[in-house]
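**Student:** Handing you a structure now.
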Amino acid sequence: MLDGQRQTLTDRTVTPGEYARLVAEDHHLAAEFAQLSAVNDTTDALQVVAEAAADILGCCIRMPTPKARNLSLLMSLKAVEHAAERGDQRGDEVQAAWCRLLHHKLLGGE
């Protein structure tokens, strides 16, 4: 029940673009993805990416109008792209790879 309450609070206080930035910069998710990839558990690693992308898309879909949904998706994509660039600049290959795959999945990639 607490998760549902927390999600409702997040929906009210964070834009989809900001939520996407938080997900893209989440070091725990990136580390989980990297750890699964390192042990060649590609299916589970990609599942982590798919679930994160679905959460971001869910935030976008909850916007009240089609225009707002499209703008939210665009801002989310930009936020993830910027997080990938920052990862590259810091030399954080794990974070950058996580963000690039997240971005790809948000674009509808498999």
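Naming works like this for the structure tokens: A, B, ... for the chains as they're shown, residue 1 at the start of each chain, ligands 1 onward in shown order.
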Skipping near chain neighbours, those fewer than 2 positions away, what residues fall within 12 Å of Leu36 (chain A) using only C-alpha atoms, listed as a ChimeraX atom specification?
**Tutor:** /A:29-34,38-49,94,98
**Student:** What's the 8 Å shell around region 56-72 of chain A, counting only C-alpha atoms, without same-chain residues fewer than 3 positions away, as a list in words?
**Tutor:**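 So the residues in contact are Asp11, Thr15, Pro16, Gly17, Tyr19, Ala20, Ala52, Ala53, Met75, Ser76 and Leu106 of chain A.
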**Student:** Export N, CA and C atoms of the chosen residues as a PDB file, in the first residue's frame?
**Tutor:**
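The result, stored in out.pdb:
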```
ATOM      1  N   ASP A  11       3.587  11.131  -8.725  1.00  0.00           N
ATOM      2  CA  ASP A  11       2.838  11.617  -9.881  1.00  0.00           C
ATOM      3  C   ASP A  11       2.480  13.090  -9.729  1.00  0.00           C
ATOM      4  N   THR A  15       7.615  15.809 -12.700  1.00  0.00           N
ATOM      5  CA  THR A  15       7.206  15.708 -14.100  1.00  0.00           C
ATOM      6  C   THR A  15       7.752  14.415 -14.693  1.00  0.00           C
ATOM      7  N   PRO A  16       7.161  13.937 -15.780  1.00  0.00           N
ATOM      8  CA  PRO A  16       7.707  12.732 -16.417  1.00  0.00           C
ATOM      9  C   PRO A  16       9.168  12.901 -16.830  1.00  0.00           C
ATOM     10  N   GLY A  17       9.541  14.065 -17.300  1.00  0.00           N
ATOM     11  CA  GLY A  17      10.930  14.300 -17.682  1.00  0.00           C
ATOM     12  C   GLY A  17      11.875  14.212 -16.495  1.00  0.00           C
ATOM     13  N   TYR A  19      11.219  12.557 -13.723  1.00  0.00           N
ATOM     14  CA  TYR A  19      11.217  11.158 -13.311  1.00  0.00           C
ATOM     15  C   TYR A  19      12.177  10.353 -14.195  1.00  0.00           C
ATOM     16  N   ALA A  20      12.155  10.623 -15.496  1.00  0.00           N
ATOM     17  CA  ALA A  20      13.070   9.935 -16.414  1.00  0.00           C
ATOM     18  C   ALA A  20      14.519  10.218 -16.049  1.00  0.00           C
ATOM     19  N   ALA A  52      12.036  -0.242 -16.319  1.00  0.00           N
ATOM     20  CA  ALA A  52      12.304   1.179 -16.079  1.00  0.00           C
ATOM     21  C   ALA A  52      11.668   2.035 -17.171  1.00  0.00           C
ATOM     22  N   ALA A  53      11.792   1.595 -18.417  1.00  0.00           N
ATOM     23  CA  ALA A  53      11.186   2.333 -19.528  1.00  0.00           C
ATOM     24  C   ALA A  53       9.669   2.336 -19.403  1.00  0.00           C
ATOM     25  N   MET A  75      10.529  15.175 -23.545  1.00  0.00           N
ATOM     26  CA  MET A  75      11.352  15.666 -22.444  1.00  0.00           C
ATOM     27  C   MET A  75      12.020  14.502 -21.704  1.00  0.00           C
ATOM     28  N   SER A  76      11.334  13.391 -21.612  1.00  0.00           N
ATOM     29  CA  SER A  76      11.918  12.209 -20.974  1.00  0.00           C
ATOM     30  C   SER A  76      13.093  11.685 -21.786  1.00  0.00           C
ATOM     31  N   LEU A 106      12.832   3.451 -24.745  1.00  0.00           N
ATOM     32  CA  LEU A 106      11.801   4.485 -24.763  1.00  0.00           C
ATOM     33  C   LEU A 106      11.373   4.836 -26.182  1.00  0.00           C
TER      34      LEU A 106
END
```
**Student:** Choose the residue, out of A:Ala54, A:Ser37, A:Gly108, A:Arg21, that has the smallest atom-to-atom separation from Ala84 (chain A); count only C-alpha atoms.
**Tutor:**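 Using only C-alpha atoms, Ala84 (chain A) sits closest to A:Arg21.
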**Student:** Could you name the residues that touch His82 (chain A) at 9 Å or less, counting only C-alpha atoms, but leaving out those on the same chain fewer than 4 positions away, as a JSON list (two decimals) with N, CA, C and O atoms, in the first residue's frame?
**Tutor:**
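Output (out.json):
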```json
[["chain", "number", "residue", "atom", "x", "y", "z"],
["A", 21, "ARG", "N", 14.81, 11.45, -15.68],
["A", 21, "ARG", "CA", 16.17, 11.81, -15.27],
["A", 21, "ARG", "C", 16.57, 11.02, -14.02],
["A", 21, "ARG", "O", 17.68, 10.49, -13.93],
["A", 77, "LEU", "N", 12.92, 11.62, -23.09],
["A", 77, "LEU", "CA", 14.01, 11.17, -23.97],
["A", 77, "LEU", "C", 15.23, 12.08, -23.85],
["A", 77, "LEU", "O", 16.36, 11.61, -23.76],
["A", 78, "LYS", "N", 14.98, 13.39, -23.82],
["A", 78, "LYS", "CA", 16.08, 14.34, -23.68],
["A", 78, "LYS", "C", 16.79, 14.18, -22.34],
["A", 78, "LYS", "O", 18.01, 14.25, -22.26],
["A", 86, "ARG", "N", 26.33, 12.80, -19.65],
["A", 86, "ARG", "CA", 27.06, 13.06, -18.40],
["A", 86, "ARG", "C", 27.84, 11.82, -17.97],
["A", 86, "ARG", "O", 28.96, 11.93, -17.47],
["A", 87, "GLY", "N", 27.25, 10.64, -18.15],
["A", 87, "GLY", "CA", 27.96, 9.40, -17.83],
["A", 87, "GLY", "C", 29.21, 9.27, -18.68],
["A", 87, "GLY", "O", 30.29, 8.91, -18.17],
["A", 99, "CYS", "N", 21.88, 4.23, -19.69],
["A", 99, "CYS", "CA", 21.07, 5.31, -20.25],
["A", 99, "CYS", "C", 20.81, 5.12, -21.75],
["A", 99, "CYS", "O", 19.71, 5.37, -22.23]]
```
**Student:** Let me make sure I understand: among A:Ala50, A:Ala24, A:Ala79, A:Val14, which one has the smallest atom-to-atom distance to Ala96 (chain A) if we use only C-alpha atoms?
**Tutor:**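 So, comparing all the options, the nearest one is A:Ala24.
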**Student:** Would you please give, as a ChimeraX atom specification, all residues of chain A that DSSP assigns to alpha helix (DSSP H) based on the backbone?
**Tutor:** /A:2-13,16-24,27-38,42-61,66-90,93-106
**Student:** In Å, with one decimal, what is the gap from CA of Glu93 (chain A) to CA of Lys105 (chain A)?
**Tutor:**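 Going from CA of Glu93 (chain A) over to CA of Lys105 (chain A), I get 18.1 Å.
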**Student:** In Å, how far is it from CA of Leu102 (chain A) to CA of Val80 (chain A)?
**Tutor:**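 Rounded to one decimal, the two atoms are 7.4 Å apart.
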**Student:** Would you compute the distance between CA of Gln89 (chain A) and CA of Glu25 (chain A)? Give it in Å to one decimal.
**Tutor:**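 Here the two named atoms are 13.6 Å from each other.
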**Student:** Find the residue from A:Val23, A:Asp92, A:Leu107, A:His28 that sits nearest to Glu51 (chain A); use only C-alpha atoms when measuring.
**Tutor:**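 Going through A:Val23, A:Asp92, A:Leu107, A:His28 one by one, the smallest distance to Glu51 (chain A) is for A:Val23.
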